[in-house]
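Content type compact mmCIF, C-alpha atoms and all ligand atoms, from the file model_4.txt:
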# COMPACT_ATOMS: atom_id res chain seq x y z
CA MET A 796 0.00 0.00 0.00
CA TYR A 797 2.78 2.35 1.08
CA ASN A 798 4.61 1.68 -2.23
CA VAL A 799 1.51 2.49 -4.30
CA ILE A 800 1.10 5.87 -2.55
CA LEU A 801 4.78 6.63 -3.11
CA VAL A 802 4.52 5.83 -6.84
CA ILE A 803 1.43 8.03 -7.18
CA LEU A 804 3.14 10.89 -5.36
CA LEU A 805 6.26 10.57 -7.50
CA THR A 806 4.18 10.50 -10.69
CA ILE A 807 2.40 13.68 -9.60
CA ILE A 808 5.70 15.39 -8.76
CA VAL A 809 7.25 14.40 -12.11
CA PHE A 810 4.14 15.54 -13.98
CA PHE A 811 4.07 19.00 -12.38
CA THR A 812 7.84 19.46 -12.59
CA GLY A 813 7.63 18.71 -16.33
CA LYS A 814 4.84 21.26 -16.71
CA LEU A 815 6.81 23.87 -14.78
CA ILE A 816 9.93 23.34 -16.91
CA LYS A 817 7.95 23.76 -20.14
CA HIS A 818 6.11 26.82 -18.81
CA LYS A 819 7.74 29.97 -20.23
CA SER A 820 6.31 33.07 -18.67
CA LEU A 821 7.19 36.71 -19.16
CA TYR A 822 7.02 37.27 -15.42
CA PRO A 823 7.33 39.90 -13.93
CA PHE A 824 6.29 41.82 -17.07
CA MET A 825 3.17 39.66 -17.48
CA PRO A 826 1.47 37.53 -14.79
CA PHE A 827 3.27 34.21 -14.28
CA ARG A 828 0.26 32.09 -15.29
CA TYR A 829 0.53 33.09 -18.97
CA ASP A 830 2.71 30.66 -20.93
CA PHE A 831 4.36 32.19 -24.00
CA ARG A 832 6.24 28.96 -24.74
CA LYS A 833 8.09 29.04 -28.08
CA ARG A 834 7.81 32.84 -28.37
CA ARG A 835 8.97 33.76 -24.86
CA ASP A 836 12.66 34.32 -25.58
CA THR A 837 12.15 36.31 -28.79
CA PHE A 838 9.45 38.39 -27.07
CA LEU A 839 11.83 39.10 -24.19
CA ARG A 840 14.60 40.17 -26.56
CA ALA A 841 12.23 42.33 -28.59
CA LEU A 842 10.94 44.01 -25.39
CA GLU A 843 14.50 44.74 -24.36
CA LEU A 844 15.34 46.23 -27.78
CA LEU A 845 12.14 48.32 -27.71
CA SER A 846 13.30 49.89 -24.47
CA ASN A 847 16.78 50.47 -25.82
CA ILE A 848 15.62 52.36 -28.89
CA LYS A 849 12.80 54.07 -26.94
CA ALA A 850 10.27 52.90 -29.51
CA LYS A 851 7.23 55.09 -30.07
CA ILE A 852 5.40 53.47 -32.99
CA ILE A 853 4.67 49.75 -33.17
CA ILE A 854 2.69 47.95 -35.87
CA GLU A 855 1.35 44.42 -35.60
CA THR A 856 -0.26 42.67 -38.59
CA GLY A 857 -2.80 40.06 -37.49
CA THR A 858 -4.33 40.95 -34.14
CA SER A 859 -4.70 38.87 -30.96
CA ARG A 860 -7.97 37.15 -31.82
CA GLU A 861 -7.81 35.01 -28.68
CA GLY A 862 -6.60 37.71 -26.33
CA LEU A 863 -4.34 36.58 -23.51
CA ARG A 864 -5.97 33.13 -23.58
CA GLY A 865 -3.95 32.61 -26.75
CA SER A 866 -0.56 33.37 -25.18
CA LYS A 867 0.71 29.84 -25.85
CA SER A 868 -0.95 29.15 -29.20
CA GLN A 869 -1.13 32.57 -30.93
CA GLY A 870 1.24 34.75 -28.95
CA ALA A 871 -1.11 37.45 -27.61
CA ALA A 872 1.31 40.02 -29.02
CA SER A 873 -1.29 42.83 -29.11
CA ILE A 874 -1.53 42.61 -25.33
CA VAL A 875 2.17 42.06 -24.63
CA PHE A 876 3.42 44.89 -26.85
CA GLY A 877 0.34 46.96 -26.05
CA LYS A 878 1.23 46.78 -22.36
CA TRP A 879 4.79 47.78 -23.17
CA ALA A 880 3.44 50.68 -25.26
CA LYS A 881 1.24 51.90 -22.40
CA GLU A 882 4.09 51.77 -19.91
CA ASN A 883 6.46 53.55 -22.28
CA ASP A 884 4.25 56.22 -23.79
CA ALA A 885 4.20 54.51 -27.20
CA ILE A 886 1.42 53.53 -29.62
CA LEU A 887 0.60 50.07 -30.97
CA HIS A 888 -1.41 49.86 -34.18
CA THR A 889 -2.76 46.38 -34.81
CA VAL A 890 -4.46 45.60 -38.13
CA ASP A 891 -6.67 42.67 -39.07
CA ILE A 892 -8.91 41.78 -42.01
CA SER A 893 -11.42 39.87 -39.86
CA GLU A 894 -14.21 41.69 -38.02
CA GLU A 895 -14.41 38.85 -35.52
CA SER A 896 -10.66 39.02 -34.71
CA ILE A 897 -10.88 42.79 -34.25
CA LYS A 898 -13.92 42.43 -32.00
CA VAL A 899 -12.30 39.89 -29.67
CA SER A 900 -9.00 41.76 -29.59
CA GLN A 901 -10.73 45.10 -28.86
CA MET A 902 -12.56 43.51 -25.92
CA GLU A 903 -9.31 42.21 -24.47
CA VAL A 904 -7.51 45.52 -25.07
CA GLU A 905 -10.26 47.29 -23.16
CA ALA A 906 -10.32 44.67 -20.40
CA GLN A 907 -6.57 45.21 -19.93
CA LYS A 908 -7.09 49.02 -20.01
CA LEU A 909 -4.74 49.39 -22.97
CA ASP A 910 -7.13 51.31 -25.22
CA THR A 911 -5.26 54.60 -24.64
CA ASN A 912 -2.24 53.16 -26.44
CA VAL A 913 -3.53 50.33 -28.65
CA PHE A 914 -5.51 51.12 -31.80
CA LEU A 915 -7.20 48.44 -33.86
CA HIS A 916 -7.74 48.77 -37.60
CA LEU A 917 -10.07 46.66 -39.73
CA SER A 918 -8.28 46.36 -43.07
CA ASP A 919 -6.15 44.20 -45.27
CA SER A 920 -2.69 44.61 -43.77
CA VAL A 921 -0.86 45.34 -47.04
CA GLN A 922 -3.30 48.13 -47.84
CA TYR A 923 -3.02 49.52 -44.30
CA LEU A 924 0.78 49.47 -44.34
CA ALA A 925 1.01 51.08 -47.76
CA ASN A 926 -0.95 54.08 -46.43
CA PHE A 927 0.89 54.38 -43.10
CA GLY A 928 2.57 57.79 -42.92
CA ASP A 929 4.74 57.68 -39.76
CA LYS A 930 8.09 56.08 -39.12
CA VAL A 931 7.81 52.61 -37.58
CA ASP A 932 10.10 51.57 -34.74
CA PHE A 933 8.88 47.99 -34.36
CA LEU A 934 7.15 45.87 -36.99
CA TYR A 935 5.58 42.57 -35.98
CA LEU A 936 4.39 40.43 -38.90
CA ASP A 937 1.81 37.76 -38.04
CA SER A 938 -1.19 37.90 -40.37
CA TYR A 939 -2.16 35.51 -43.19
CA ASP A 940 -2.57 32.14 -41.43
CA TYR A 941 -0.05 29.47 -42.34
CA SER A 942 -1.13 25.86 -42.82
CA GLU A 943 0.01 22.44 -43.94
CA GLU A 944 -1.29 23.08 -47.46
CA VAL A 945 1.52 24.02 -49.80
CA GLU A 946 -0.59 26.56 -51.69
CA VAL A 947 -1.61 28.30 -48.45
CA GLN A 948 2.03 28.35 -47.37
CA ARG A 949 2.99 30.05 -50.64
CA LEU A 950 0.20 32.64 -50.30
CA SER A 951 1.08 33.34 -46.67
CA GLN A 952 4.77 33.79 -47.50
CA GLU A 953 3.89 36.05 -50.41
CA HIS A 954 1.57 38.11 -48.20
CA HIS A 955 4.21 38.68 -45.52
CA LEU A 956 6.68 39.75 -48.19
CA LYS A 957 4.12 42.21 -49.57
CA GLU A 958 3.55 43.57 -46.07
CA PHE A 959 7.22 44.28 -45.60
CA LYS A 960 7.59 45.92 -49.01
CA ALA A 961 4.54 48.09 -48.29
CA ILE A 962 6.05 49.54 -45.08
CA GLU A 963 9.76 49.30 -45.93
CA LYS A 964 10.14 53.02 -46.64
CA GLN A 965 8.79 53.87 -43.17
CA LEU A 966 11.42 51.78 -41.37
CA HIS A 967 14.63 53.42 -40.15
CA LYS A 968 18.10 52.13 -39.33
CA ASN A 969 17.19 51.25 -35.72
CA SER A 970 13.82 49.66 -36.50
CA ILE A 971 13.18 46.18 -35.12
CA VAL A 972 11.32 43.50 -37.11
CA LEU A 973 9.89 40.32 -35.59
CA ILE A 974 8.22 37.64 -37.72
CA ASP A 975 6.01 34.96 -36.20
CA ASP A 976 5.47 31.30 -37.15
CA CYS A 977 8.78 30.82 -38.95
CA ASP A 978 10.03 27.45 -37.73
CA LEU A 979 7.42 25.43 -39.61
CA PRO A 980 7.46 22.95 -42.51
CA GLY A 981 7.89 24.78 -45.81
CA GLY A 982 9.77 27.65 -44.18
CA GLY A 983 6.92 29.34 -42.29
CA LYS A 984 5.56 32.85 -42.72
CA GLY A 985 9.02 34.37 -42.89
CA LYS A 986 10.58 32.38 -45.74
CA SER A 987 10.23 34.92 -48.58
CA VAL A 988 10.31 38.09 -46.53
CA ILE A 989 13.47 37.14 -44.65
CA ALA A 990 15.27 36.25 -47.91
CA TYR A 991 14.28 39.67 -49.28
CA MET A 992 15.26 41.50 -46.07
CA ILE A 993 18.71 39.96 -46.06
CA ILE A 994 19.30 41.27 -49.61
CA GLN A 995 18.18 44.69 -48.33
CA GLY A 996 20.81 44.65 -45.57
CA TRP A 997 18.89 43.19 -42.63
CA LYS A 998 20.57 40.81 -40.21
CA ILE A 999 19.06 38.00 -38.18
CA LEU A 1000 19.54 38.54 -34.47
CA MET A 1001 17.53 35.54 -33.24
CA LYS A 1002 16.21 32.59 -35.19
CA GLU A 1003 13.80 30.42 -33.22
CA TYR A 1004 10.09 29.84 -33.75
CA GLN A 1005 10.10 33.56 -34.48
CA VAL A 1006 12.82 35.46 -36.31
CA LEU A 1007 14.10 38.80 -34.99
CA LEU A 1008 15.93 41.13 -37.37
CA LEU A 1009 17.79 44.44 -37.23
CA HIS A 1010 19.27 46.44 -40.11
CA LYS A 1011 23.03 46.21 -40.63
CA ASP A 1012 23.24 49.98 -40.06
CA SER A 1013 21.49 49.69 -36.68
CA SER A 1014 23.34 51.36 -33.80
CA TYR A 1015 23.20 47.91 -32.20
CA PHE A 1016 26.01 46.76 -34.52
CA SER A 1017 28.16 49.89 -34.38
CA LYS A 1018 31.20 49.99 -32.09
CA GLU A 1019 30.11 53.12 -30.32
CA ASN A 1020 26.52 51.90 -29.98
CA ASN A 1021 24.48 52.71 -26.94
CA ILE A 1022 22.09 49.80 -27.46
CA SER A 1023 22.64 47.04 -24.94
CA LYS A 1024 23.78 43.66 -26.34
CA SER A 1025 22.98 41.65 -23.23
C1 LIG A 1101 -2.22 34.16 -36.08
S1 LIG A 1101 -3.47 35.37 -35.98
C2 LIG A 1101 -2.63 36.72 -35.23
C3 LIG A 1101 -2.21 36.44 -33.82
C4 LIG A 1101 -1.74 37.66 -33.04
N1 LIG A 1101 -0.66 38.35 -33.71
C5 LIG A 1101 -1.31 37.27 -31.65
O1 LIG A 1101 -0.14 37.49 -31.29
O2 LIG A 1101 -2.15 36.77 -30.89
C6 LIG A 1101 -3.60 35.85 -37.65
C7 LIG A 1101 -4.61 36.96 -37.89
O3 LIG A 1101 -4.32 37.49 -39.20
C8 LIG A 1101 -5.51 37.92 -39.78
N2 LIG A 1101 -5.32 38.07 -41.24
C9 LIG A 1101 -5.33 37.10 -42.20
N3 LIG A 1101 -5.15 37.66 -43.42
C10 LIG A 1101 -5.01 39.00 -43.23
C11 LIG A 1101 -4.81 40.11 -44.09
N4 LIG A 1101 -4.72 39.96 -45.41
N5 LIG A 1101 -4.71 41.35 -43.55
C12 LIG A 1101 -4.82 41.52 -42.20
N6 LIG A 1101 -5.01 40.49 -41.33
C13 LIG A 1101 -5.11 39.25 -41.83
C14 LIG A 1101 -6.52 36.84 -39.37
O4 LIG A 1101 -7.83 37.36 -39.44
C15 LIG A 1101 -6.07 36.51 -37.94
O5 LIG A 1101 -6.83 37.22 -36.99
Render the structure in this file as structure tokens.
Amino acid sequence: MYNVILVILLTIIVFFTGKLIKHKSLYPFMPFRYDFRKRRDTFLRALELLSNIKAKIIIETGTSREGLRGSKSQGAASIVFGKWAKENDAILHTVDISEESIKVSQMEVEAQKLDTNVFLHLSDSVQYLANFGDKVDFLYLDSYDYSEEVEVQRLSQEHHLKEFKAIEKQLHKNSIVLIDDCDLPGGGKGKSVIAYMIIQGWKILMKEYQVLLLHKDSSYFSKENNISKS
């Protein structure tokens, strides 16, 4: 009997330890319970870079249609970077083609009291970016859903490339670009856009599930830079 209880206890301990090891929170920036899993480290690095360049304008393509509930599956970037924007007197514009996604995201933005700094736009992202007039400090590309279908993959990759080309002229030497859903069969959302960016002088800073890029002329790479490389 004693042995059975011991085995059950050990199983429970192993189970919860495994869960805790896999759990990747952004604590203390976000409450510990939210698991950002495969995006945690790139989010952390992006947040650090945002502070270093004192970002003021952030654009996200593809809004957080599941709110913070989607931290593990979708990323919940509208809330994460929206919170950073609020705390740092910046603005996050998040654009989505789906009314339903905008509705859910708007509700979450309001619930988190981020509506002073997060603005949602119902539009095709390429169209929205092509008409954007201000300089962009941080560009987060995460719209056209990727899938296992080769044709959808091609369309998604093409769309993310079009997004970048549409906003390229509004980026500056210290802009930060983060692309979601890259480490996937077929090359992910970033395949075409990253190849194009590299030709245009962008360098990969982190390559995980997401890819984080800075321009080669960024102060980050210069000897006398004042951007932390921690
Ligand atoms: C993966 S979700 C975005 C997740 C969000 N970035 C997050 O961190 O939670 C992709 C979103 O892109 C939107 N989308 C798809 N095609 C689009 C397009 N052409 N223009 C703008 N948004 C688009 C979808 O409606 C969907 O809400």
- Query: Quick one: residues within 7 Å of ligand LIG 1101 (chain A), with all atoms listed in the file, as an NGL selection string?
  - Reply: :A and (855-862 or 865-866 or 869-873 or 890-893 or 896 or 918-921 or 937-940)
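Nearest to A:Lys849 of all the residues A:Asn883, A:Tyr797, A:Phe959, A:Pro980 is A:Asn883, based on only C-alpha atoms.
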- Query: Using only C-alpha atoms, which residues sit within 9 Å of A:Asp1012 once same-chain residues fewer than 3 positions away are excluded, as a PyMOL selection string?
  - Reply: chain A and resi 968-969+996-997+1009+1015-1017
Limited to C-alpha atoms, could you put the picked residues into a file as a tab-separated table (two decimals), keeping the file's coordinate frame?
chain	number	residue	atom	x	y	z
A	968	LYS	CA	18.10	52.13	-39.33
A	969	ASN	CA	17.19	51.25	-35.72
A	996	GLY	CA	20.81	44.65	-45.57
A	997	TRP	CA	18.89	43.19	-42.63
A	1009	LEU	CA	17.79	44.44	-37.23
A	1015	TYR	CA	23.20	47.91	-32.20
A	1016	PHE	CA	26.01	46.76	-34.52
A	1017	SER	CA	28.16	49.89	-34.38
- Could you check how far atom CA of A:Glu953 sits from atom CA of A:Ile989, in Å to one decimal? 11.2 Å
- Message: For A:Leu1007, find every residue with an atom within 7 Å (counting only C-alpha atoms), except residues of its own chain fewer than 2 positions away, and show them as a ChimeraX atom specification.
- Response: /A:837,972-974,999-1002,1005
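Distance-wise, atom CA of A:His955 and atom CA of A:Lys898 end up 22.9 Å apart.
Considering only C-alpha atoms, the residue among A:Lys957, A:Lys817, A:Lys908, A:Arg864 positioned nearest to A:Gln922 is A:Lys957.
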